[in-house]
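Undergrad: Input: one structure, supplied below.
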Amino acid sequence: MRVLLIGSGGREHALAWKLAQSPLLSALYATPGNPGIGEEATLVDLDITDDSAVLGFCRRESIDFVVVGPEAPLVAGLADTLRAGGIAVFGPSAAAAQLEGSKGFTKDICAKYNIPTGAYQRFTSAEPAKAYVLEQGAPIVIKADGLAAGKGVTVAMTLDEALDAIDSCFSGTFGAAGAEVVVEAYLDGEEASFFCLCDGKTVLPFGSAQDHKRVGDGDTGPNTGGMGAYSPAPVMTAEMVERTMREIIEPTIAGMADSGHPFTGVLFAGLMITAKGPELIEYNVRFGDPECQVLMMRLKSDLLLLLHAAATGTLASARAEWRDEVALTVVMASKGYPGSYEKNTPIRKLPAEDSATKVFHAGTALNDGQLVATGGRVLNVTAMGRTVSAAQKAAYAALDGVEWDNGFCRRDIGWQAIERERD
Ligand code: AMP
Ligand code: GLY
């Protein structure tokens, strides 16, 4: 199979690395890619916001299958254009990608199918939103409706923070994404990321992970795209997985099919495991980053076979097998992230890799042969272990071999699970 992978992050490096291991693969291209992806795929320079340019490349290079990594091209309809052009695509239609593209859309699905989630209301102007917040009290959560690169959510512990967040959304901080605001009840519990491959009707559970959203040790400081993750998430016991499938995922997939917009691709449920059980925080229509990196380390099955089955309606006969070990990844970011940071700082050395250690590239580039950091999140140092403690130890041992003066990381990735292991 001739495959094109869309994206340039650590998530796409992990996908490229795993796709490249497939016996079904005859050629792998990636766009825009990064130097790590370039070790697995031929990089091509395409404008991924230009659907017809991507389709044209697929025709010229006889691409059989396109795997879309990030959400923005899916919400913009890239999968629709490619499918209309006769090319198989891993990733949902624009209509089904509304599960990530509009928080209000997902909340309405939850209401319609009785899916457990925080009570909410949608607003298109500040005054009624503020009145609702004053009536509900804090803590409370304010969300810009549309895609805001992970920055559109304020978990307000006080009324003042909530009122400020409402003003900020409606004053245009998130552009069109903030033209509508969802105000949602605060959920208390432990978070988990849960993944399913979907072909429109069949759903295949595809592992769990825990992310670390805050920039600082002890879960302090501002939210980020994710500073580290491990898989599996211990909080996702067999009972929690079964309840999540029955109470959250299956009604969503059935509801999307009934509405004429069947969901295909990977459905990523951000869950809060509360005293009542699993509740939905949000859906994403792509793999998590850095969750994907730890899933790919653990996956034993052929990724290409599974993604193609999801894209072609043949998931009913597919199975996913996993290594028993834990995988843990630590994100190294440029100093200053998630705020502003210096670009093009040199990365002088990466650690040696083996079957249990892998460094995935995110925001890196090659400048005259020198590896440099160009993004906020830059490297994902990933390791396997029999326990979370062992995987953590191995990941930090590898990370200490990175020579990059402008990099930093959290030192406590895995803390919740390690506390459990100690108990
Ligand atoms: P989201 O972009 O919706 O994933 O939200 C970002 C982060 O905000 C989540 O990972 C949670 O840590 C937090 N969050 C979102 N919604 C809620 C909620 N209703 N209650 C508590 N925390 C939340
Ligand atoms: N790591 C969380 C996300 O990808 O949304």
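Within each chain, counting starts at residue 1; across the structure tokens, chains are named A, B, ... in the order shown, with ligands numbered 1 upward in that order.
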Give me the residues of chain A that have any atom at most 9 Å from an atom of ligand 2; for each, the nearest atom pair and the distance in Å, rounded to one decimal. Use only C-alpha atoms and all ligand atoms, sort by chain and number, and format it as a tab-separated table.
TA:
residue	atom	partner	partner_atom_place_in_ligand_line	distance
A:Arg11	CA	ligand 2	4 (O)	8.7
A:Ala149	CA	ligand 2	5 (O)	8.8
A:Gly150	CA	ligand 2	5 (O)	6.9
A:Ser193	CA	ligand 2	2 (C)	7.9
A:Gln210	CA	ligand 2	1 (N)	8.6
A:Asp211	CA	ligand 2	1 (N)	5.9
A:His212	CA	ligand 2	1 (N)	7.7
A:Lys213	CA	ligand 2	1 (N)	7.1
A:Thr224	CA	ligand 2	1 (N)	8.4
A:Gly225	CA	ligand 2	1 (N)	5.4
A:Gly226	CA	ligand 2	1 (N)	4.6
A:Met227	CA	ligand 2	1 (N)	8.0
A:Gly228	CA	ligand 2	1 (N)	8.3
A:Ala229	CA	ligand 2	1 (N)	8.1
A:Phe268	CA	ligand 2	5 (O)	8.5
A:Gly270	CA	ligand 2	5 (O)	8.2
A:Asn284	CA	ligand 2	5 (O)	6.9
A:Arg286	CA	ligand 2	4 (O)	8.0
A:Phe287	CA	ligand 2	4 (O)	6.5
A:Gly288	CA	ligand 2	4 (O)	3.3
A:Asp289	CA	ligand 2	4 (O)	4.0
A:Pro290	CA	ligand 2	1 (N)	5.4
A:Glu291	CA	ligand 2	1 (N)	6.0
A:Cys292	CA	ligand 2	4 (O)	8.3
Undergrad: Using only C-alpha atoms, determine which residues lie at most 12 Å from Lys393 in chain A, disregarding the query and same-chain residues fewer than 4 positions distant; provide the list as a short mmCIF file (atom, residue, chain, number, x, y, z; two decimals) with C-alpha atoms, in the first residue's frame.
TA:
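This is the output file around36.cif:
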data_model
loop_
_atom_site.label_atom_id
_atom_site.label_comp_id
_atom_site.auth_asym_id
_atom_site.auth_seq_id
_atom_site.Cartn_x
_atom_site.Cartn_y
_atom_site.Cartn_z
CA VAL A 326 3.89 0.24 30.54
CA ALA A 327 5.10 2.93 28.15
CA LEU A 328 5.91 6.41 29.46
CA THR A 329 6.92 9.52 27.54
CA VAL A 330 8.41 12.78 28.82
CA THR A 357 13.62 3.43 24.31
CA VAL A 381 11.63 10.73 25.24
CA THR A 382 9.79 7.43 25.57
CA ALA A 383 10.58 4.19 27.39
CA MET A 384 8.98 0.89 28.38
CA GLY A 385 9.04 -0.81 31.79
CA ARG A 386 7.28 -3.53 33.75
CA THR A 387 5.76 -0.85 36.00
CA VAL A 388 5.15 2.89 35.70
CA SER A 389 8.04 3.44 38.15
CA ALA A 397 17.74 8.01 32.22
CA ALA A 398 17.45 8.38 28.43
CA LEU A 399 16.36 12.02 28.73
CA ASP A 400 19.47 12.86 30.74
CA ARG A 411 10.37 15.64 36.44
CA ASP A 412 7.27 13.88 37.78
CA ILE A 413 5.56 12.28 34.77
CA GLY A 414 3.58 9.30 36.05
CA TRP A 415 3.25 10.52 39.65
CA ILE A 418 3.51 5.68 40.91
#
Undergrad: Residues at most 8 Å from range 120-131 of chain A, counting only C-alpha atoms, excluding those fewer than 3 positions away in the same chain, as a list in words?
TA: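 Skipping anything fewer than 3 positions along the chain leaves Gly104, Lys107, Leu134, Glu135, Leu163, Ile166, Asp167, Phe170, Ala179, Glu180, Val181, Val182, Val183, Glu184 and Ala185 of chain A.
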Undergrad: Figure out the distance between CA of Pro73 in chain A and CA of Ala144 in chain A, please, to one decimal in Å.
TA: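 So the answer is 19.3 Å.
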Undergrad: Assign secondary structure with DSSP using the backbone only, and return the residues of range 21-224 of chain A in strand (DSSP E) as a tab-separated table (two decimals) with N, CA, C and O atoms, in the first residue's frame.
TA:
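Below is the file that was written, part_26.tsv:
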chain	number	residue	atom	x	y	z
A	27	ALA	N	5.16	2.15	0.24
A	27	ALA	CA	5.82	3.46	0.24
A	27	ALA	C	5.12	4.34	1.26
A	27	ALA	O	3.88	4.32	1.37
A	28	LEU	N	5.91	5.12	2.02
A	28	LEU	CA	5.34	6.04	3.00
A	28	LEU	C	5.85	7.44	2.71
A	28	LEU	O	7.05	7.70	2.68
A	29	TYR	N	4.90	8.35	2.49
A	29	TYR	CA	5.19	9.78	2.32
A	29	TYR	C	4.59	10.52	3.51
A	29	TYR	O	3.61	10.05	4.11
A	30	ALA	N	5.17	11.67	3.85
A	30	ALA	CA	4.59	12.48	4.93
A	30	ALA	C	4.72	13.95	4.57
A	30	ALA	O	5.68	14.37	3.93
A	31	THR	N	3.71	14.74	4.99
A	31	THR	CA	3.74	16.19	4.79
A	31	THR	C	3.07	16.89	5.96
A	31	THR	O	2.06	16.37	6.44
A	32	PRO	N	3.56	17.98	6.54
A	32	PRO	CA	4.89	18.55	6.25
A	32	PRO	C	6.02	17.72	6.85
A	32	PRO	O	7.15	17.84	6.41
A	42	THR	N	9.29	9.50	3.14
A	42	THR	CA	9.77	10.54	2.21
A	42	THR	C	8.96	11.80	2.49
A	42	THR	O	7.72	11.77	2.39
A	43	LEU	N	9.64	12.89	2.85
A	43	LEU	CA	8.91	14.12	3.18
A	43	LEU	C	8.57	14.88	1.90
A	43	LEU	O	9.41	14.99	1.00
A	65	PHE	N	-3.86	5.38	0.37
A	65	PHE	CA	-4.43	5.57	1.71
A	65	PHE	C	-3.78	6.78	2.37
A	65	PHE	O	-2.55	6.91	2.36
A	66	VAL	N	-4.61	7.67	2.92
A	66	VAL	CA	-4.10	8.87	3.62
A	66	VAL	C	-4.47	8.76	5.10
A	66	VAL	O	-5.63	8.49	5.44
A	67	VAL	N	-3.49	8.98	5.96
A	67	VAL	CA	-3.70	9.00	7.41
A	67	VAL	C	-3.55	10.44	7.87
A	67	VAL	O	-2.49	11.04	7.68
A	68	VAL	N	-4.62	10.99	8.45
A	68	VAL	CA	-4.57	12.40	8.88
A	68	VAL	C	-4.32	12.44	10.38
A	68	VAL	O	-5.09	11.88	11.17
A	88	ALA	N	-8.91	6.25	0.02
A	88	ALA	CA	-9.28	5.85	1.38
A	88	ALA	C	-8.56	6.76	2.38
A	88	ALA	O	-7.40	7.12	2.18
A	89	VAL	N	-9.29	7.15	3.44
A	89	VAL	CA	-8.74	8.10	4.42
A	89	VAL	C	-9.01	7.62	5.83
A	89	VAL	O	-10.14	7.22	6.15
A	90	PHE	N	-7.99	7.68	6.68
A	90	PHE	CA	-8.20	7.48	8.11
A	90	PHE	C	-8.45	8.85	8.73
A	90	PHE	O	-7.55	9.69	8.78
A	120	TYR	N	-24.55	21.84	31.50
A	120	TYR	CA	-23.98	22.93	30.72
A	120	TYR	C	-25.07	23.80	30.13
A	120	TYR	O	-26.24	23.41	30.07
A	121	GLN	N	-24.66	24.98	29.64
A	121	GLN	CA	-25.51	25.80	28.77
A	121	GLN	C	-24.62	26.45	27.72
A	121	GLN	O	-23.45	26.70	27.98
A	122	ARG	N	-25.19	26.75	26.56
A	122	ARG	CA	-24.46	27.42	25.47
A	122	ARG	C	-24.90	28.89	25.42
A	122	ARG	O	-26.10	29.17	25.59
A	123	PHE	N	-23.96	29.79	25.14
A	123	PHE	CA	-24.27	31.22	25.08
A	123	PHE	C	-23.60	31.89	23.89
A	123	PHE	O	-22.49	31.53	23.54
A	140	ILE	N	-16.31	26.53	38.27
A	140	ILE	CA	-17.10	26.33	37.06
A	140	ILE	C	-16.16	26.44	35.86
A	140	ILE	O	-15.07	27.01	35.99
A	141	VAL	N	-16.57	25.87	34.72
A	141	VAL	CA	-15.65	25.79	33.58
A	141	VAL	C	-16.22	26.57	32.39
A	141	VAL	O	-17.40	26.41	32.06
A	142	ILE	N	-15.36	27.43	31.80
A	142	ILE	CA	-15.77	28.28	30.66
A	142	ILE	C	-15.00	27.80	29.44
A	142	ILE	O	-13.77	27.70	29.47
A	143	LYS	N	-15.72	27.49	28.35
A	143	LYS	CA	-15.06	26.96	27.15
A	143	LYS	C	-15.46	27.72	25.90
A	143	LYS	O	-16.66	27.87	25.63
A	144	ALA	N	-14.48	28.16	25.13
A	144	ALA	CA	-14.77	28.66	23.78
A	144	ALA	C	-15.30	27.48	22.97
A	144	ALA	O	-14.79	26.37	23.08
A	153	VAL	N	-10.09	26.72	27.17
A	153	VAL	CA	-10.80	26.26	28.37
A	153	VAL	C	-10.25	26.94	29.61
A	153	VAL	O	-9.04	26.98	29.81
A	154	THR	N	-11.14	27.50	30.43
A	154	THR	CA	-10.72	28.04	31.74
A	154	THR	C	-11.45	27.28	32.83
A	154	THR	O	-12.68	27.27	32.87
A	155	VAL	N	-10.69	26.59	33.66
A	155	VAL	CA	-11.27	25.95	34.85
A	155	VAL	C	-11.20	27.01	35.93
A	155	VAL	O	-10.15	27.28	36.50
A	156	ALA	N	-12.35	27.70	36.17
A	156	ALA	CA	-12.37	28.87	37.06
A	156	ALA	C	-12.67	28.42	38.48
A	156	ALA	O	-13.74	27.87	38.75
A	181	VAL	N	-19.93	30.38	23.63
A	181	VAL	CA	-19.26	29.91	24.85
A	181	VAL	C	-20.12	28.83	25.50
A	181	VAL	O	-21.35	28.93	25.52
A	182	VAL	N	-19.45	27.77	25.97
A	182	VAL	CA	-20.14	26.74	26.75
A	182	VAL	C	-19.73	26.93	28.21
A	182	VAL	O	-18.54	27.03	28.50
A	183	VAL	N	-20.70	27.02	29.08
A	183	VAL	CA	-20.42	27.08	30.53
A	183	VAL	C	-20.82	25.73	31.11
A	183	VAL	O	-21.93	25.25	30.88
A	184	GLU	N	-19.87	25.13	31.81
A	184	GLU	CA	-20.05	23.72	32.19
A	184	GLU	C	-19.74	23.51	33.66
A	184	GLU	O	-18.84	24.15	34.22
A	185	ALA	N	-20.44	22.57	34.29
A	185	ALA	CA	-20.18	22.24	35.69
A	185	ALA	C	-18.77	21.68	35.85
A	185	ALA	O	-18.27	20.98	34.97
A	190	GLU	N	-10.30	11.90	38.59
A	190	GLU	CA	-9.01	11.66	37.93
A	190	GLU	C	-9.26	11.60	36.43
A	190	GLU	O	-10.18	10.92	35.97
A	191	GLU	N	-8.42	12.29	35.64
A	191	GLU	CA	-8.63	12.32	34.19
A	191	GLU	C	-7.99	11.12	33.51
A	191	GLU	O	-6.96	10.61	33.96
A	192	ALA	N	-8.58	10.70	32.40
A	192	ALA	CA	-7.97	9.65	31.58
A	192	ALA	C	-8.31	9.92	30.12
A	192	ALA	O	-9.34	10.52	29.81
A	193	SER	N	-7.41	9.50	29.24
A	193	SER	CA	-7.65	9.58	27.80
A	193	SER	C	-7.97	8.17	27.32
A	193	SER	O	-7.21	7.24	27.60
A	194	PHE	N	-9.08	8.03	26.59
A	194	PHE	CA	-9.51	6.70	26.15
A	194	PHE	C	-9.74	6.75	24.64
A	194	PHE	O	-10.36	7.68	24.14
A	195	PHE	N	-9.23	5.75	23.93
A	195	PHE	CA	-9.22	5.77	22.47
A	195	PHE	C	-10.00	4.60	21.90
A	195	PHE	O	-9.94	3.48	22.43
A	196	CYS	N	-10.71	4.85	20.78
A	196	CYS	CA	-11.39	3.78	20.05
A	196	CYS	C	-11.20	4.01	18.56
A	196	CYS	O	-11.34	5.13	18.09
A	197	LEU	N	-10.92	2.94	17.84
A	197	LEU	CA	-10.98	3.01	16.38
A	197	LEU	C	-12.43	2.76	15.98
A	197	LEU	O	-13.11	1.91	16.58
A	198	CYS	N	-12.91	3.48	14.97
A	198	CYS	CA	-14.32	3.37	14.56
A	198	CYS	C	-14.37	3.32	13.03
A	198	CYS	O	-13.64	4.07	12.37
A	199	ASP	N	-15.27	2.48	12.51
A	199	ASP	CA	-15.42	2.44	11.04
A	199	ASP	C	-16.81	2.92	10.63
A	199	ASP	O	-17.27	2.62	9.53
A	203	VAL	N	-16.89	-0.46	16.77
A	203	VAL	CA	-15.97	0.29	17.62
A	203	VAL	C	-14.97	-0.68	18.23
A	203	VAL	O	-15.37	-1.68	18.83
A	204	LEU	N	-13.69	-0.39	18.08
A	204	LEU	CA	-12.64	-1.24	18.66
A	204	LEU	C	-11.90	-0.42	19.72
A	204	LEU	O	-11.20	0.54	19.39
A	205	PRO	N	-12.04	-0.79	21.02
A	205	PRO	CA	-11.29	-0.07	22.06
A	205	PRO	C	-9.81	-0.11	21.72
A	205	PRO	O	-9.30	-1.14	21.28
A	206	PHE	N	-9.13	1.03	21.87
A	206	PHE	CA	-7.75	1.11	21.38
A	206	PHE	C	-6.81	1.71	22.43
A	206	PHE	O	-5.89	2.43	22.11
A	207	GLY	N	-7.08	1.36	23.68
A	207	GLY	CA	-6.11	1.70	24.72
A	207	GLY	C	-6.43	2.98	25.47
A	207	GLY	O	-7.25	3.79	25.06
A	208	SER	N	-5.74	3.12	26.59
A	208	SER	CA	-5.94	4.29	27.46
A	208	SER	C	-4.59	4.87	27.83
A	208	SER	O	-3.56	4.21	27.69
A	209	ALA	N	-4.62	6.11	28.29
A	209	ALA	CA	-3.38	6.77	28.70
A	209	ALA	C	-3.74	7.88	29.68
A	209	ALA	O	-4.92	8.26	29.80
A	210	GLN	N	-2.76	8.38	30.39
A	210	GLN	CA	-2.95	9.58	31.19
A	210	GLN	C	-1.94	10.62	30.76
A	210	GLN	O	-0.76	10.32	30.60
A	211	ASP	N	-2.43	11.82	30.55
A	211	ASP	CA	-1.63	12.95	30.09
A	211	ASP	C	-1.33	13.84	31.30
A	211	ASP	O	-1.94	13.66	32.35
A	214	ARG	N	-0.66	20.31	32.78
A	214	ARG	CA	-0.05	21.53	33.32
A	214	ARG	C	1.45	21.53	33.06
A	214	ARG	O	2.09	20.48	33.01
A	215	VAL	N	2.01	22.72	32.96
A	215	VAL	CA	3.43	22.83	32.57
A	215	VAL	C	4.38	22.44	33.70
A	215	VAL	O	5.50	22.00	33.44
A	216	GLY	N	3.92	22.57	34.96
A	216	GLY	CA	4.87	22.42	36.07
A	216	GLY	C	4.68	21.16	36.89
A	216	GLY	O	3.59	20.56	36.91
A	220	THR	N	1.08	22.04	38.31
A	220	THR	CA	0.94	23.47	38.57
A	220	THR	C	1.21	24.24	37.28
A	220	THR	O	1.76	23.69	36.32
A	221	GLY	N	0.83	25.54	37.29
A	221	GLY	CA	1.11	26.40	36.14
A	221	GLY	C	0.06	26.24	35.05
A	221	GLY	O	-0.92	25.51	35.21
A	222	PRO	N	0.26	26.95	33.94
A	222	PRO	CA	-0.76	26.96	32.87
A	222	PRO	C	-0.90	25.62	32.15
A	222	PRO	O	0.00	24.77	32.20
A	223	ASN	N	-2.06	25.45	31.48
A	223	ASN	CA	-2.30	24.27	30.65
A	223	ASN	C	-1.42	24.29	29.41
A	223	ASN	O	-1.10	25.36	28.88
Undergrad: Skipping near chain neighbours, those fewer than 5 positions away, what residues fall within 12 Å of range 95-100 of chain A using only C-alpha atoms, listed as JSON, numbers by chain?
TA: {"A": [70, 71, 72, 73, 74, 75, 76, 77, 78, 79, 80, 105, 106, 107, 108, 109, 110, 144, 145, 146, 147, 148, 149, 150, 177, 198, 199, 200, 249, 252, 253, 255, 256, 257, 258, 259, 260, 261, 262, 263, 264, 265, 266, 267, 268, 269, 270, 280, 281, 282, 283, 284, 285, 286, 287]}
Undergrad: Go ahead and save the residues from that selection, with C-alpha atoms, as an mmCIF file, in the first residue's frame.
TA:
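Written out: part-v5.cif:
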data_model
loop_
_atom_site.group_PDB
_atom_site.id
_atom_site.type_symbol
_atom_site.label_atom_id
_atom_site.label_comp_id
_atom_site.auth_asym_id
_atom_site.auth_seq_id
_atom_site.Cartn_x
_atom_site.Cartn_y
_atom_site.Cartn_z
ATOM 1 C CA PRO A 70 -4.169 16.565 13.424
ATOM 2 C CA GLU A 71 -7.736 17.826 13.844
ATOM 3 C CA ALA A 72 -7.625 21.084 11.864
ATOM 4 C CA PRO A 73 -7.592 19.514 8.349
ATOM 5 C CA LEU A 74 -10.360 17.102 9.411
ATOM 6 C CA VAL A 75 -12.602 19.875 10.729
ATOM 7 C CA ALA A 76 -11.864 21.760 7.483
ATOM 8 C CA GLY A 77 -13.033 18.795 5.359
ATOM 9 C CA LEU A 78 -9.815 17.309 3.924
ATOM 10 C CA ALA A 79 -11.101 13.739 4.406
ATOM 11 C CA ASP A 80 -14.282 14.586 2.444
ATOM 12 C CA PHE A 105 -22.339 20.083 19.260
ATOM 13 C CA THR A 106 -20.869 17.381 21.514
ATOM 14 C CA LYS A 107 -22.759 18.635 24.564
ATOM 15 C CA ASP A 108 -26.018 18.455 22.603
ATOM 16 C CA ILE A 109 -25.218 14.831 21.612
ATOM 17 C CA CYS A 110 -24.605 14.069 25.296
ATOM 18 C CA ALA A 144 -14.765 28.663 23.782
ATOM 19 C CA ASP A 145 -16.982 26.587 21.466
ATOM 20 C CA GLY A 146 -14.566 26.111 18.546
ATOM 21 C CA LEU A 147 -10.979 24.965 17.980
ATOM 22 C CA ALA A 148 -8.616 27.096 20.081
ATOM 23 C CA ALA A 149 -5.424 25.001 19.996
ATOM 24 C CA GLY A 150 -6.086 23.664 23.498
ATOM 25 C CA ALA A 177 -13.852 29.947 18.076
ATOM 26 C CA CYS A 198 -14.316 3.366 14.556
ATOM 27 C CA ASP A 199 -15.422 2.440 11.043
ATOM 28 C CA GLY A 200 -18.824 4.106 11.239
ATOM 29 C CA ILE A 249 -18.804 5.679 23.235
ATOM 30 C CA THR A 252 -22.203 8.444 20.421
ATOM 31 C CA ILE A 253 -21.225 6.210 17.512
ATOM 32 C CA GLY A 255 -26.103 8.550 17.304
ATOM 33 C CA MET A 256 -23.654 9.810 14.674
ATOM 34 C CA ALA A 257 -24.635 6.955 12.327
ATOM 35 C CA ASP A 258 -28.354 7.690 12.869
ATOM 36 C CA SER A 259 -27.803 11.366 12.085
ATOM 37 C CA GLY A 260 -26.320 10.437 8.698
ATOM 38 C CA HIS A 261 -22.750 11.372 9.707
ATOM 39 C CA PRO A 262 -21.124 8.081 10.720
ATOM 40 C CA PHE A 263 -17.839 8.554 12.562
ATOM 41 C CA THR A 264 -14.724 6.901 11.132
ATOM 42 C CA GLY A 265 -11.182 7.261 12.438
ATOM 43 C CA VAL A 266 -10.084 7.439 16.060
ATOM 44 C CA LEU A 267 -12.423 8.788 18.709
ATOM 45 C CA PHE A 268 -10.475 10.113 21.689
ATOM 46 C CA ALA A 269 -12.608 10.592 24.788
ATOM 47 C CA GLY A 270 -11.216 12.889 27.466
ATOM 48 C CA LEU A 280 -17.142 12.912 29.262
ATOM 49 C CA ILE A 281 -15.036 16.103 29.347
ATOM 50 C CA GLU A 282 -14.590 16.323 25.598
ATOM 51 C CA TYR A 283 -14.124 14.382 22.388
ATOM 52 C CA ASN A 284 -11.205 14.700 19.994
ATOM 53 C CA VAL A 285 -11.315 13.185 16.520
ATOM 54 C CA ARG A 286 -7.604 12.289 16.317
ATOM 55 C CA PHE A 287 -4.986 10.640 18.484
#
Undergrad: Which residue out of A:Ser102, A:Gln293, A:Asn34, A:Gln21 has the minimum interatomic distance to ligand 1 when only C-alpha atoms and all ligand atoms are used?
TA: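 The answer is A:Ser102, which sits nearest to ligand 1.
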Undergrad: Which residue out of A:Pro35, A:Arg2, A:Gly152, A:Thr244 has the minimum interatomic distance to Ala362 in chain A when only C-alpha atoms are used?
TA: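 So, comparing all the options, the nearest one is A:Pro35.
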Undergrad: Quick one: residues within 7 Å of range 316-324 of chain A, only C-alpha atoms, excluding same-chain residues fewer than 4 positions away - as a PyMOL selection string?
TA: chain A and resi 202+298-301+306
Undergrad: From the options A:Thr312, A:Ser231, A:Glu242, A:Asp47, which residue's atoms come nearest to Gln392 in chain A, counting only C-alpha atoms?
TA: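 Counting only C-alpha atoms, the residue closest to Gln392 in chain A is A:Ser231.
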Undergrad: Show me, as a PyMOL selection string, the residues that have an atom within 7 Å of Glu403 in chain A when counting only C-alpha atoms, minus same-chain residues fewer than 6 positions from it.
TA: chain A and resi 347-350
Undergrad: With a distance cut-off of 12 Å and only C-alpha atoms, select the neighbouring residues of Phe408 in chain A, excluding the residue or stretch itself and same-chain residues fewer than 3 positions from it, and output the selection as a list in words.
TA: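 Contacts, with the query itself left out: Val215, Gly216, Asp217, Met227, Val330, Val331, Met332, Ala333, Ser334, Lys335, Gly336, Tyr337, Pro338, Tyr341, Ala373, Gly376, Arg377, Val378, Leu379, Asn380, Leu399, Asp400, Val402, Glu403, Trp404, Asp405 and Arg411 of chain A.
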